[in-house]
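Participant: Next up is a structure, given as structure tokens.
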Amino acid sequence: MRPLRMAMITACVTGFVMVWWAPAFSFCVHNDSDTPIHAWVPTGRPHPFDNPVNPHKAECCHYTDTSCNPSGSQTAILELWIDSSDGDSHFSAILPLEGGGDAKIKDEDRGRLGVRRKNLYVESWTHDNKLLALTHYGIRATSRDVRFLVTGDPQYFILNGRPEHKDVPDAVLRAMVGQMSASDCNYPRYLAGCKIRGMIVAGDLTQQAKGVEMDWYRDAITGAVRFAYDSLGNHDYNGGTVKDYILRDRRRSTVATAVQDPHYSWDWHDVHFVQLNLFPGNEPAPAQKELDPYRSLDFLQRDLRENVGGSGRPVILIHHYGFDPFSEGNEGWWTEAQRKRFWNAIASYNVKAIFNGHNHLGPDSKEENWHLMWSEGSKRIHTFNAAAALNGTFLEVKITDDTLTVQRWGIRPGEAARTYGDLVKIPMR
């Protein structure tokens, strides 16, 4: 239960002391974690609640103070924004806060799962001690339940001042946001408490990396910006517009376990995810010298060594280029030698699946085209082409203690999203 903020009033009555507790009627942001926090309510005027909150400290504002609570109502629902401010954890949350309520930022100790780094989560409580919203996933969970969505290649494209293709990527991304919002969220606007952890986008957010194309992408994921784990594709290499956005313009709702611009990793429950952007390599492919992978292979090796080690816990990898004939073909996107070095880097780890984009497959594509096995000797790794939002396609993935399940979704013009094909099931043990 949240701590009660009370003023103690004492009075002497007939020879003894009476103690009476009265509410102080403030909203407070309590930082019970070890991470410095920045918290603010953007609707306040003229001097809104906008404060650093140091570890194990609190910042408060009386609910009648209209600079932080414009309505002056104890039960008004405010929009509280929280960012970590240590420059490393990259945690962010947006959730409802009552005018007379409390928000509490807490550490999730995952040592029992073999996970070294703590995560952060936030609780929001009403003025009368009722839980209003919760941003965490898997706190105190004893079994694995990880659900997320994947797509690639929205490839927003402006040509001669007009959108060349926009409607279909819009429909796909908004359907993904809608599925997140509908998955048991008490307050869909804030995506707090949803069963779906996030949405992964495997590169090519744009066609030409132009600002207006990025604006369209951002608009399409409105409501889930901090739940989108996106990356660079080959079409995003035109200046720094997309690259800067991936890491610097947004913090995500799960603490990063490692960061190297533009690569990053994170944990959902005990499953370790690594976003490698274009492809896992240290140098550009000879035929594509302008497309720098930013030493993603070095990042991957260091990340797995430090955050997975010999634990044997599951690993999911994401990058743009795949293992289909187009990705491996005559264009020279990446070479067989680069794939061999990648294989050697991950062979000793429990890599359960790799998700990629690049090859634009529609929802009717046969499984043999979008679910490919990458093999070396007797070892096999399942790879999945999640592209393309451009063609109306995305994947839904569920990971339990026993099974990794992939369901393919598609959108036809004028139709709602629906499933295509059978479930793909992979044993987790």
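Letters A, B, ... go to the chains of the structure tokens in the order shown; residues in each chain start at 1; ligands are counted from 1 in the same order.
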Applying 8 Å and only C-alpha atoms, which residues near range 268-278 of chain A remain after dropping the ones on its own chain fewer than 6 positions away? List them as a ChimeraX atom specification.
Facilitator: /A:113-115,137-138,144-146,197,202-203,229-234,254,262,293,296,300,308,313-321
Participant: Take the selection from the previous step and output its residues with C-alpha atoms, as a compact mmCIF listing (two decimals), in the first residue's frame.
Facilitator:
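Just written: selection.txt:
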```txt
# COMPACT_ATOMS: atom_id res chain seq x y z
CA LEU A 113 15.74 -15.12 -12.72
CA GLY A 114 19.48 -14.92 -13.26
CA VAL A 115 19.10 -11.33 -14.49
CA TYR A 137 5.36 -6.52 -16.46
CA GLY A 138 6.23 -9.75 -14.73
CA ARG A 144 7.37 -16.91 -18.15
CA ASP A 145 4.64 -15.01 -20.02
CA VAL A 146 6.09 -12.70 -22.67
CA ARG A 197 4.98 -5.82 -23.68
CA ALA A 202 12.83 -4.33 -37.75
CA GLY A 203 14.05 -1.33 -39.74
CA TYR A 229 11.46 -1.02 -30.02
CA ASP A 230 12.50 0.07 -33.48
CA SER A 231 15.68 0.18 -35.56
CA LEU A 232 17.47 1.23 -38.74
CA GLY A 233 17.10 -0.41 -42.15
CA ASN A 234 19.03 0.37 -45.31
CA THR A 254 11.82 -1.17 -20.17
CA PRO A 262 22.18 2.86 -32.21
CA PRO A 293 26.43 -1.56 -39.30
CA SER A 296 26.94 -4.25 -34.09
CA LEU A 300 26.35 -8.27 -29.58
CA VAL A 308 23.55 -13.63 -20.55
CA ARG A 313 18.41 -18.12 -20.64
CA PRO A 314 16.55 -17.51 -23.93
CA VAL A 315 17.80 -14.90 -26.40
CA ILE A 316 15.81 -13.13 -29.15
CA LEU A 317 17.70 -11.15 -31.83
CA ILE A 318 16.34 -8.50 -34.19
CA HIS A 319 18.01 -7.04 -37.30
CA HIS A 320 16.93 -5.82 -40.72
CA TYR A 321 18.55 -8.19 -43.22
```
Participant: Give me the residues near range 94-107 of chain A as number ranges by chain, where near means some atom within 6 Å (using only C-alpha atoms) and where sequence neighbours in that chain fewer than 6 positions away do not count.
Facilitator: A: 25-33, 63, 74-81, 119-127, 190
Participant: Smallest atom-to-atom distance to Lys352 in chain A: which of A:Phe91, A:Phe394, A:Tyr294, A:Trp374, using only C-alpha atoms?
Facilitator: A:Trp374
Participant: Given only C-alpha atoms, how would the per-residue table for range 99-215 of chain A near range 381-387 of chain A read, listing every residue at most 9 Å away with its closest atom pair and distance in Å to one decimal, sorted by chain and number, as a tab-separated table?
Facilitator:
```
residue	atom	partner	partner_atom	distance
A:Val150	CA	A:Ala386	CA	6.1
A:Thr151	CA	A:Ala386	CA	4.7
A:Gly152	CA	A:Ala387	CA	4.4
A:Asp153	CA	A:Ala387	CA	5.8
A:Pro154	CA	A:Ala387	CA	8.3
A:Val201	CA	A:Ala386	CA	8.5
A:Ala202	CA	A:Ala386	CA	7.5
```
Participant: By how many Å are CA of Met176 in chain A and CA of Pro325 in chain A apart?
Facilitator: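 Interatomic distance, CA of Met176 in chain A to CA of Pro325 in chain A: 27.9 Å.
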Participant: Rank nothing, just name the residue among A:Glu376, A:Glu336, A:Asp364, A:Glu396 nearest to Leu423 in chain A, using only C-alpha atoms.
Facilitator: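 Closest to Leu423 in chain A, using only C-alpha atoms: A:Glu396.
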Participant: Would you mind listing what lies within 12 Å of Gln301 in chain A as number ranges by chain, with only C-alpha atoms counted and same-chain residues fewer than 6 positions away left out?
Facilitator: A: 258, 265, 274, 276, 280-282, 295, 307-309, 341-349
Participant: Where does DSSP see strand (DSSP E or B) in range 160-369 of chain A, if you list the residues as a PyMOL selection string?
Facilitator: chain A and resi 162-165+187+192+196-201+206+228-230+252+256-260+263-268+271-275+315-318+351-356
Participant: Could you write those residues out with N, CA and C atoms, as a short mmCIF file (atom, residue, chain, number, x, y, z; two decimals), in the first residue's frame?
Facilitator:
```cif
data_model
loop_
_atom_site.label_atom_id
_atom_site.label_comp_id
_atom_site.auth_asym_id
_atom_site.auth_seq_id
_atom_site.Cartn_x
_atom_site.Cartn_y
_atom_site.Cartn_z
N ARG A 162 3.98 14.36 -52.11
CA ARG A 162 2.77 13.60 -51.78
C ARG A 162 3.16 12.22 -51.24
N PRO A 163 2.32 11.66 -50.35
CA PRO A 163 2.61 10.31 -49.85
C PRO A 163 2.44 9.27 -50.94
N GLU A 164 3.52 8.53 -51.22
CA GLU A 164 3.47 7.48 -52.22
C GLU A 164 2.82 6.22 -51.65
N HIS A 165 3.20 5.86 -50.43
CA HIS A 165 2.47 4.81 -49.71
C HIS A 165 2.49 5.15 -48.22
N TYR A 187 -6.34 1.68 -18.52
CA TYR A 187 -6.38 2.99 -19.14
C TYR A 187 -5.64 2.90 -20.47
N ALA A 192 -0.82 1.15 -19.62
CA ALA A 192 -0.29 0.67 -18.35
C ALA A 192 -1.03 -0.62 -17.98
N ILE A 196 0.54 -7.16 -23.59
CA ILE A 196 1.54 -7.08 -24.65
C ILE A 196 2.64 -6.12 -24.21
N ARG A 197 3.88 -6.61 -24.22
CA ARG A 197 4.98 -5.82 -23.68
C ARG A 197 5.38 -4.66 -24.59
N GLY A 198 5.28 -4.86 -25.90
CA GLY A 198 5.72 -3.82 -26.80
C GLY A 198 5.61 -4.27 -28.24
N MET A 199 6.02 -3.37 -29.15
CA MET A 199 6.00 -3.65 -30.57
C MET A 199 7.40 -3.40 -31.14
N ILE A 200 7.92 -4.39 -31.83
CA ILE A 200 9.26 -4.34 -32.41
C ILE A 200 9.13 -4.03 -33.90
N VAL A 201 9.95 -3.10 -34.40
CA VAL A 201 9.94 -2.75 -35.81
C VAL A 201 11.35 -2.95 -36.35
N THR A 206 11.42 4.41 -42.87
CA THR A 206 11.18 5.37 -43.93
C THR A 206 11.75 4.86 -45.26
N ALA A 228 7.60 1.10 -28.41
CA ALA A 228 8.07 0.70 -29.74
C ALA A 228 9.57 0.53 -29.70
N TYR A 229 10.03 -0.67 -30.05
CA TYR A 229 11.46 -1.02 -30.02
C TYR A 229 11.91 -1.14 -31.47
N ASP A 230 12.30 0.00 -32.05
CA ASP A 230 12.50 0.07 -33.48
C ASP A 230 13.98 0.22 -33.83
N ARG A 252 12.44 4.28 -23.51
CA ARG A 252 11.48 3.18 -23.60
C ARG A 252 11.03 2.73 -22.22
N ALA A 256 17.03 -0.39 -20.44
CA ALA A 256 18.01 -1.00 -21.32
C ALA A 256 19.07 -1.73 -20.50
N THR A 257 19.45 -2.93 -20.96
CA THR A 257 20.54 -3.65 -20.30
C THR A 257 21.88 -3.25 -20.87
N ALA A 258 21.89 -2.76 -22.12
CA ALA A 258 23.12 -2.27 -22.75
C ALA A 258 22.73 -1.31 -23.86
N VAL A 259 23.58 -0.31 -24.09
CA VAL A 259 23.32 0.68 -25.13
C VAL A 259 24.63 1.01 -25.83
N GLN A 260 24.61 0.97 -27.15
CA GLN A 260 25.71 1.48 -27.98
C GLN A 260 25.07 2.03 -29.24
N HIS A 263 22.51 0.64 -31.19
CA HIS A 263 22.08 -0.69 -30.75
C HIS A 263 21.69 -0.67 -29.26
N TYR A 264 20.83 -1.58 -28.85
CA TYR A 264 20.44 -1.65 -27.45
C TYR A 264 19.86 -3.03 -27.16
N SER A 265 19.79 -3.36 -25.89
CA SER A 265 19.22 -4.64 -25.47
C SER A 265 18.35 -4.42 -24.25
N TRP A 266 17.50 -5.40 -23.95
CA TRP A 266 16.60 -5.31 -22.81
C TRP A 266 16.12 -6.70 -22.44
N ASP A 267 15.46 -6.80 -21.28
CA ASP A 267 14.91 -8.07 -20.81
C ASP A 267 13.41 -7.93 -20.60
N TRP A 268 12.68 -8.90 -21.08
CA TRP A 268 11.28 -9.10 -20.69
C TRP A 268 11.22 -10.44 -19.97
N VAL A 271 13.80 -13.39 -20.64
CA VAL A 271 14.17 -13.47 -22.05
C VAL A 271 14.97 -12.21 -22.42
N HIS A 272 16.12 -12.41 -23.04
CA HIS A 272 17.00 -11.30 -23.40
C HIS A 272 16.83 -10.95 -24.87
N PHE A 273 16.56 -9.67 -25.15
CA PHE A 273 16.33 -9.17 -26.50
C PHE A 273 17.48 -8.24 -26.89
N VAL A 274 17.94 -8.37 -28.15
CA VAL A 274 19.00 -7.49 -28.65
C VAL A 274 18.56 -6.92 -29.99
N GLN A 275 18.53 -5.59 -30.08
CA GLN A 275 18.16 -4.89 -31.31
C GLN A 275 19.46 -4.46 -32.00
N VAL A 315 17.37 -16.12 -25.73
CA VAL A 315 17.80 -14.90 -26.40
C VAL A 315 16.98 -14.74 -27.68
N ILE A 316 16.49 -13.50 -27.91
CA ILE A 316 15.81 -13.13 -29.15
C ILE A 316 16.61 -12.01 -29.81
N LEU A 317 16.93 -12.15 -31.10
CA LEU A 317 17.70 -11.15 -31.83
C LEU A 317 16.84 -10.52 -32.91
N ILE A 318 17.07 -9.23 -33.15
CA ILE A 318 16.34 -8.50 -34.19
C ILE A 318 17.35 -7.74 -35.05
N VAL A 351 19.89 -19.02 -28.44
CA VAL A 351 19.14 -18.12 -29.32
C VAL A 351 17.91 -18.87 -29.84
N LYS A 352 16.73 -18.43 -29.41
CA LYS A 352 15.50 -19.14 -29.76
C LYS A 352 14.92 -18.67 -31.09
N ALA A 353 15.13 -17.39 -31.45
CA ALA A 353 14.56 -16.89 -32.70
C ALA A 353 15.26 -15.60 -33.11
N ILE A 354 15.27 -15.35 -34.42
CA ILE A 354 15.75 -14.10 -34.99
C ILE A 354 14.61 -13.52 -35.83
N PHE A 355 14.31 -12.24 -35.62
CA PHE A 355 13.26 -11.55 -36.39
C PHE A 355 13.91 -10.49 -37.27
N ASN A 356 13.49 -10.44 -38.52
CA ASN A 356 14.08 -9.50 -39.46
C ASN A 356 13.01 -8.93 -40.40
#
```
Participant: May I have all residues of range 43-201 of chain A that DSSP, computed from the backbone, assigns to alpha helix (DSSP H), given as a VMD selection string?
Facilitator: chain A and resid 167 to 182
Participant: Only C-alpha atoms, please: the residues just picked out, written as a PDB file, in the first residue's frame.
Facilitator:
```pdb
ATOM      1  CA  ASP A 167      -2.330   4.182 -45.765  1.00  0.00           C
ATOM      2  CA  VAL A 168      -1.256   0.537 -45.389  1.00  0.00           C
ATOM      3  CA  PRO A 169       1.647   1.148 -42.951  1.00  0.00           C
ATOM      4  CA  ASP A 170      -0.679   3.423 -40.985  1.00  0.00           C
ATOM      5  CA  ALA A 171      -3.270   0.648 -40.784  1.00  0.00           C
ATOM      6  CA  VAL A 172      -0.716  -1.945 -39.646  1.00  0.00           C
ATOM      7  CA  LEU A 173       0.961   0.171 -36.984  1.00  0.00           C
ATOM      8  CA  ARG A 174      -2.349   1.451 -35.632  1.00  0.00           C
ATOM      9  CA  ALA A 175      -3.678  -2.105 -35.489  1.00  0.00           C
ATOM     10  CA  MET A 176      -0.634  -3.073 -33.447  1.00  0.00           C
ATOM     11  CA  VAL A 177      -1.144  -0.123 -31.105  1.00  0.00           C
ATOM     12  CA  GLY A 178      -4.814  -1.086 -30.885  1.00  0.00           C
ATOM     13  CA  GLN A 179      -3.981  -4.660 -29.905  1.00  0.00           C
ATOM     14  CA  MET A 180      -1.704  -3.366 -27.174  1.00  0.00           C
ATOM     15  CA  SER A 181      -4.365  -0.968 -25.925  1.00  0.00           C
ATOM     16  CA  ALA A 182      -7.007  -3.700 -25.875  1.00  0.00           C
TER      17      ALA A 182
END
```
Participant: Considering only C-alpha atoms, state which residue in the set A:Leu404, A:Cys194, A:Ala209, A:Met214 is at the smallest distance from Leu134 in chain A.
Facilitator: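 The answer is A:Cys194, which sits nearest to Leu134 in chain A.
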Participant: Pick the closest to Glu290 in chain A from A:His235, A:Lys340, A:Arg251, A:Lys195: which is it, counting only C-alpha atoms?
Facilitator: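 Nearest candidate to Glu290 in chain A out of A:His235, A:Lys340, A:Arg251, A:Lys195: A:His235.
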Participant: May I ask which of the residues A:Arg305, A:Arg147, A:Glu415, A:Pro36 is the closest one to Thr403 in chain A, counting only C-alpha atoms?
Facilitator: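 For Thr403 in chain A, the nearest of the given residues is A:Arg147.
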Participant: Which residue gives the smallest distance to Trp409 in chain A among A:Ser365, A:Asn350, A:Ser378, A:Thr222, with only C-alpha atoms counted?
Facilitator: A:Ser365
